[in-house]
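First comes the structure, then the notes that go with it.
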Amino acid sequence: MSKRVTVAVVAIGGYGSGYVRTLLEPENREIAEIVAAVDPTPERCPYLDEFKALTVPICATMEEYVAKASAPADLVVISSPIHAHAPQTIAALEHGSNVLCEKPMCATVQEADAVIAARDRAGKFVSIGYQGSFTSATHALKADVRSGVLGKPVRLRTLCLWARTERYYTRNNWAGMRKTPDGAWVLDSPANNAMSHSLHHMFYLLGDRANTSARPARVVAELYRANAITNFDTCAIRAFTDTDVEVLFVASHAVEDRNTTEHIFEFERATVTRGAEHGEIVATFTDGRTKTYPDAAEHYRHPGKLLDAIERVRTGKPDVCGPEAARAQTLVINAAADACPDITTFPSTMIVVTGEAGDRLTHVVGLEAMLRRCFDEGKLPSQTGFDWAKAGREVDLTNYTHFPGGKP
């Protein structure tokens, strides 16, 4: 393909503005052209003047865009709210476009399967924007996992501690909620939004092919909250893949710590660690050798996955992270919700609110240390003896096709 790839951008404010910025960079204008935008509140986009200068039409809804577009865009980039991902992806596919959809792919496994079916009918591709899946370091590490260089995988653990204030939870009407005000599943949480890529990443590394994820077979979860929300802001989720590899994810927004992400991936012949979100990934082998997996940091967020999608339109290159790969994270989120239908609220004596009005932080005293203990020891909170902890039930995902409950 020699012509520029035509791109429609859905949601141009917030996170979506990063895609707009990347597309507007001079070197990228040579390979891609923004032909439409979809956003009911476009005034939130910091690049609105550039849209006007380029005479890019801006529609309020996908329906309006489909009705007015003279031809389908080669690529539709979607950064809308979680509950809009699946219907907008399907609408774009049915209109004849390929899709890059932000993570997570959707809220429920039945939506994930509907996306896969729509993609197959359309004969187009769908790429899910888990940024870590598009980096050179991940590809190199995954190649070593698949080839057995590190030995058989044993247990993968991740700890995420990212404080979020009331500004985060009041930025829209679905943040921290199980359902939207009109009843759509959103299941917004650390594990299904800000930190979802860290949960996905572990299953992705264990996938038996370059572009697949391992399938979770069973999940047990403990879900907690300190904020006034309907879903959880703190979780400990243990899953086992269908090859019986343990995956442990411990995360919270109800902490004072704002930037901790740590990985410990244990294999028979090596342990892989990453001490910070953009730190080096290092494998330490049982014989004392080490191997570092360098990364191109400039491709970590928007550029990597966007440029990959554009290149895929142009050349037909294989996908990196499609809906089948992303489905593992959705399965775990659904199972966790089924494991703990009633979120446990931290005792009021442990909850502290600090900061200025409008940006106050609700956090749990000492929670960082307690969750780090869970991470270090490979335990769920209820297994450590914390008196606030409550165990969830185990959910079998063998024939899980519908949320809630596993079956329609």
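So you can find residues: chains in the structure tokens are A, B, ... in the order shown, residues in each start at 1, and ligands are numbered from 1 in order.
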Quick one: residues within 7 Å of region 85-95 of chain A, only C-alpha atoms, excluding same-chain residues fewer than 3 positions away - as a list of chain:residue names? A:Met62, A:Val66, A:Pro72, A:Val76, A:Ser80, A:Pro81, A:Ile82, A:Asn98, A:Val99, A:Cys101, A:Met105, A:Cys106, A:Glu111, A:Val115, A:Ala118, A:Arg119, A:Ala122, A:Lys124
Writing out the chosen residues with N, CA and C atoms as a PDB file, in the first residue's frame:
ATOM      1  N   MET A  62     -20.809   7.089  16.789  1.00  0.00           N
ATOM      2  CA  MET A  62     -20.396   6.178  15.731  1.00  0.00           C
ATOM      3  C   MET A  62     -21.462   6.083  14.654  1.00  0.00           C
ATOM      4  N   VAL A  66     -20.736   6.650  10.706  1.00  0.00           N
ATOM      5  CA  VAL A  66     -21.002   5.641   9.686  1.00  0.00           C
ATOM      6  C   VAL A  66     -21.949   6.191   8.623  1.00  0.00           C
ATOM      7  N   PRO A  72     -15.305   3.916   4.320  1.00  0.00           N
ATOM      8  CA  PRO A  72     -14.789   3.534   5.637  1.00  0.00           C
ATOM      9  C   PRO A  72     -13.308   3.869   5.759  1.00  0.00           C
ATOM     10  N   VAL A  76      -9.824   2.385  12.411  1.00  0.00           N
ATOM     11  CA  VAL A  76     -10.540   3.143  13.438  1.00  0.00           C
ATOM     12  C   VAL A  76      -9.837   2.902  14.766  1.00  0.00           C
ATOM     13  N   SER A  80     -12.574   5.142  23.757  1.00  0.00           N
ATOM     14  CA  SER A  80     -13.787   5.534  24.479  1.00  0.00           C
ATOM     15  C   SER A  80     -13.903   4.775  25.804  1.00  0.00           C
ATOM     16  N   PRO A  81     -14.945   5.019  26.598  1.00  0.00           N
ATOM     17  CA  PRO A  81     -15.133   4.270  27.842  1.00  0.00           C
ATOM     18  C   PRO A  81     -15.262   2.765  27.612  1.00  0.00           C
ATOM     19  N   ILE A  82     -14.941   1.998  28.629  1.00  0.00           N
ATOM     20  CA  ILE A  82     -14.874   0.534  28.533  1.00  0.00           C
ATOM     21  C   ILE A  82     -16.145  -0.060  27.943  1.00  0.00           C
ATOM     22  N   ASN A  98     -10.555  -1.738   9.790  1.00  0.00           N
ATOM     23  CA  ASN A  98      -9.767  -2.409  10.816  1.00  0.00           C
ATOM     24  C   ASN A  98      -9.840  -1.581  12.087  1.00  0.00           C
ATOM     25  N   VAL A  99      -9.480  -2.186  13.228  1.00  0.00           N
ATOM     26  CA  VAL A  99      -9.673  -1.501  14.511  1.00  0.00           C
ATOM     27  C   VAL A  99      -8.449  -1.662  15.407  1.00  0.00           C
ATOM     28  N   CYS A 101      -8.301  -0.943  19.287  1.00  0.00           N
ATOM     29  CA  CYS A 101      -9.141  -0.578  20.438  1.00  0.00           C
ATOM     30  C   CYS A 101      -8.284  -0.546  21.692  1.00  0.00           C
ATOM     31  N   MET A 105     -10.329  -4.782  26.268  1.00  0.00           N
ATOM     32  CA  MET A 105     -11.134  -4.960  25.059  1.00  0.00           C
ATOM     33  C   MET A 105     -12.609  -4.675  25.327  1.00  0.00           C
ATOM     34  N   CYS A 106     -13.092  -5.052  26.518  1.00  0.00           N
ATOM     35  CA  CYS A 106     -14.514  -4.928  26.835  1.00  0.00           C
ATOM     36  C   CYS A 106     -14.699  -5.279  28.305  1.00  0.00           C
ATOM     37  N   GLU A 111     -19.052 -10.193  25.298  1.00  0.00           N
ATOM     38  CA  GLU A 111     -18.695  -9.099  24.394  1.00  0.00           C
ATOM     39  C   GLU A 111     -17.417  -9.438  23.630  1.00  0.00           C
ATOM     40  N   VAL A 115     -16.986  -9.620  19.559  1.00  0.00           N
ATOM     41  CA  VAL A 115     -15.965  -8.905  18.789  1.00  0.00           C
ATOM     42  C   VAL A 115     -15.226  -9.867  17.860  1.00  0.00           C
ATOM     43  N   ALA A 118     -17.456 -10.788  14.970  1.00  0.00           N
ATOM     44  CA  ALA A 118     -17.605  -9.674  14.029  1.00  0.00           C
ATOM     45  C   ALA A 118     -16.349  -9.490  13.199  1.00  0.00           C
ATOM     46  N   ARG A 119     -15.193  -9.657  13.814  1.00  0.00           N
ATOM     47  CA  ARG A 119     -13.938  -9.561  13.064  1.00  0.00           C
ATOM     48  C   ARG A 119     -13.859 -10.633  11.987  1.00  0.00           C
ATOM     49  N   ALA A 122     -16.095  -9.781   9.105  1.00  0.00           N
ATOM     50  CA  ALA A 122     -15.640  -8.637   8.326  1.00  0.00           C
ATOM     51  C   ALA A 122     -14.369  -8.926   7.537  1.00  0.00           C
ATOM     52  N   LYS A 124     -11.438  -8.333   8.649  1.00  0.00           N
ATOM     53  CA  LYS A 124     -10.521  -7.259   9.033  1.00  0.00           C
ATOM     54  C   LYS A 124      -9.760  -7.681  10.288  1.00  0.00           C
TER      55      LYS A 124
END
What's the 12 Å shell around region 352-354 of chain A, counting only C-alpha atoms, without same-chain residues fewer than 6 positions away, as a PyMOL selection string? chain A and resi 163-166+226-228+254-256+346+360-367
With only C-alpha atoms as the basis for distance, which of A:Gly378, A:Gly406, A:Gly13, A:Gly322 is at the shortest distance from Thr41 (chain A)? A:Gly13
May I ask which of the residues A:Phe403, A:Phe265, A:Ala335, A:Leu371 is the closest one to Lys152 (chain A), counting only C-alpha atoms? A:Phe265
Can you pull out the residues contacting region 201-206 of chain A? Cut-off 7 Å, using only C-alpha atoms, and skip same-chain residues under 2 positions away; I want them as number ranges by chain. A: 132, 142, 156, 197-199, 208, 212-214, 325, 328
Can I get the selected residues back with C-alpha atoms, as a tab-separated table (two decimals), in the first residue's frame?
chain	number	residue	atom	x	y	z
A	132	GLY	CA	3.47	-3.78	26.84
A	142	LYS	CA	8.31	-14.05	25.32
A	156	LEU	CA	4.25	-15.10	37.81
A	197	HIS	CA	-2.05	-4.23	31.07
A	198	SER	CA	-0.04	-5.66	33.99
A	199	LEU	CA	-2.61	-8.41	34.51
A	208	ASP	CA	2.09	-20.69	23.28
A	212	THR	CA	-1.55	-15.49	22.03
A	213	SER	CA	-2.11	-15.57	25.77
A	214	ALA	CA	-2.32	-18.54	28.10
A	325	ALA	CA	-4.95	-12.66	23.38
A	328	ALA	CA	-7.67	-13.92	28.99
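Here CA of Ala221 (chain A) is placed at a distance of 29.4 Å from CA of Glu280 (chain A).
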Excluding Tyr293 (chain A) and any residue of its chain fewer than 3 positions from it, enumerate the residues within 7 Å of it, using only C-alpha atoms, and give them as a list in words. Ala137, Ala140, Leu141, Glu280, Ile281 and Val282 of chain A
Which polymer residues have any atom within 12 Å of an atom of Leu161 (chain A), counting only C-alpha atoms, with same-chain residues fewer than 2 positions away left out, as a PyMOL selection string? chain A and resi 158-159+163-164+190-191+194-195+198+233-236+249-262+276-277+363+367-372+375
Selection export as an mmCIF file, in the first residue's frame, atoms kept: C-alpha atoms:
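Everything below was put into selection17.cif:
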data_model
loop_
_atom_site.group_PDB
_atom_site.id
_atom_site.type_symbol
_atom_site.label_atom_id
_atom_site.label_comp_id
_atom_site.auth_asym_id
_atom_site.auth_seq_id
_atom_site.Cartn_x
_atom_site.Cartn_y
_atom_site.Cartn_z
ATOM 1 C CA THR A 158 2.819 -8.602 39.870
ATOM 2 C CA LEU A 159 2.365 -5.825 42.434
ATOM 3 C CA ALA A 163 -2.770 6.098 44.306
ATOM 4 C CA ARG A 164 -5.844 7.647 42.700
ATOM 5 C CA PRO A 190 -7.527 -1.151 38.862
ATOM 6 C CA ALA A 191 -7.440 -4.593 37.232
ATOM 7 C CA ALA A 194 -5.281 1.571 34.739
ATOM 8 C CA MET A 195 -3.435 -1.644 35.656
ATOM 9 C CA SER A 198 -0.038 -5.662 33.988
ATOM 10 C CA ASP A 233 -10.134 -0.267 44.372
ATOM 11 C CA THR A 234 -7.959 -3.037 45.843
ATOM 12 C CA CYS A 235 -7.593 -6.649 44.788
ATOM 13 C CA ALA A 236 -5.630 -9.853 45.140
ATOM 14 C CA PHE A 249 -1.933 -10.061 40.775
ATOM 15 C CA VAL A 250 -1.981 -7.723 43.788
ATOM 16 C CA ALA A 251 -3.047 -4.117 43.206
ATOM 17 C CA SER A 252 -4.568 -1.033 44.794
ATOM 18 C CA HIS A 253 -5.548 2.584 44.177
ATOM 19 C CA ALA A 254 -6.311 3.085 47.912
ATOM 20 C CA VAL A 255 -2.683 3.700 48.870
ATOM 21 C CA GLU A 256 -0.352 6.676 49.246
ATOM 22 C CA ASP A 257 2.227 5.139 46.898
ATOM 23 C CA ARG A 258 1.750 6.542 43.407
ATOM 24 C CA ASN A 259 4.158 4.646 41.205
ATOM 25 C CA THR A 260 5.005 1.086 42.215
ATOM 26 C CA THR A 261 4.836 -1.693 39.640
ATOM 27 C CA GLU A 262 6.943 -4.772 40.293
ATOM 28 C CA ALA A 276 9.577 -0.192 38.007
ATOM 29 C CA GLU A 277 7.135 0.414 35.174
ATOM 30 C CA HIS A 363 -6.363 5.483 51.390
ATOM 31 C CA LEU A 367 -2.024 -1.086 53.102
ATOM 32 C CA GLU A 368 1.167 -0.781 51.044
ATOM 33 C CA ALA A 369 3.098 -2.907 53.531
ATOM 34 C CA MET A 370 0.320 -5.468 53.814
ATOM 35 C CA LEU A 371 -0.061 -5.892 50.064
ATOM 36 C CA ARG A 372 3.700 -6.077 49.632
ATOM 37 C CA PHE A 375 3.218 -10.173 46.959
#
So which residues touch Lys103 (chain A) within 6 Å, counting only C-alpha atoms, skipping near sequence neighbours fewer than 2 positions away, as a compact mmCIF listing (two decimals) with C-alpha atoms, in the first residue's frame?
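And here's out11.txt as it stands now:
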# COMPACT_ATOMS: atom_id res chain seq x y z
CA MET A 105 -11.13 -4.96 25.06
CA ILE A 128 -6.09 -4.41 21.46
CA GLY A 129 -3.88 -1.67 22.87
CA TYR A 130 -2.06 -3.40 25.71
List every residue of region 52-294 of chain A that DSSP, applied to the backbone of this structure, places in strand (DSSP E or B), and write the result as a PyMOL selection string. chain A and resi 58-59+75-78+98-102+126-129+153-161+179+185+216-225+234-241+246-252+260-267+270-274+281-285+290-293
Based on DSSP run over this structure's backbone, return all residues of region 19-221 of chain A in helix (DSSP H, G or I), as JSON, numbers by chain. {"A": [19, 20, 21, 22, 23, 24, 26, 27, 28, 29, 42, 43, 44, 48, 49, 50, 51, 52, 53, 62, 63, 64, 65, 66, 67, 68, 82, 83, 84, 85, 86, 87, 88, 89, 90, 91, 92, 93, 94, 95, 109, 110, 111, 112, 113, 114, 115, 116, 117, 118, 119, 120, 121, 122, 131, 132, 133, 134, 136, 137, 138, 139, 140, 141, 142, 143, 144, 145, 146, 147, 166, 167, 168, 169, 190, 191, 192, 196, 197, 198, 199, 200, 201, 202, 203, 204, 205]}
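Residue nearest Ala336 (chain A), chosen from A:Phe134, A:Trp185, A:Phe232, A:Tyr47 and counting only C-alpha atoms: A:Phe232.
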Could you pull the residues within 9 Å of Ile31 (chain A), counting only C-alpha atoms, minus those fewer than 6 positions along the same chain, as a ChimeraX atom specification? /A:2-6,310-311,314
Selection from above, C-alpha atoms, as a PDB file, in the first residue's frame, can you write it?
ATOM      1  CA  SER A   2       1.586   3.261  -1.100  1.00  0.00           C
ATOM      2  CA  LYS A   3      -1.147   5.699  -0.139  1.00  0.00           C
ATOM      3  CA  ARG A   4      -1.528   7.055   3.349  1.00  0.00           C
ATOM      4  CA  VAL A   5      -3.612   4.994   5.752  1.00  0.00           C
ATOM      5  CA  THR A   6      -6.879   6.758   6.550  1.00  0.00           C
ATOM      6  CA  ILE A 310      -0.801   1.371  10.611  1.00  0.00           C
ATOM      7  CA  GLU A 311       1.953  -0.934   9.388  1.00  0.00           C
ATOM      8  CA  ARG A 314      -0.103  -1.187   4.883  1.00  0.00           C
TER       9      ARG A 314
END
From the options A:Ile237, A:Leu397, A:Ala184, A:Ala217, which residue's atoms come nearest to Ala107 (chain A), counting only C-alpha atoms? A:Ala184
With distances taken over only C-alpha atoms, which residue among A:Gln131, A:Thr138, A:Thr55, A:Asn28 lies nearest Pro294 (chain A)? A:Thr138
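Closest approach to Ala270 (chain A) among A:Ala239, A:Ile333, A:Val313, A:Val154: A:Val154, based on only C-alpha atoms.
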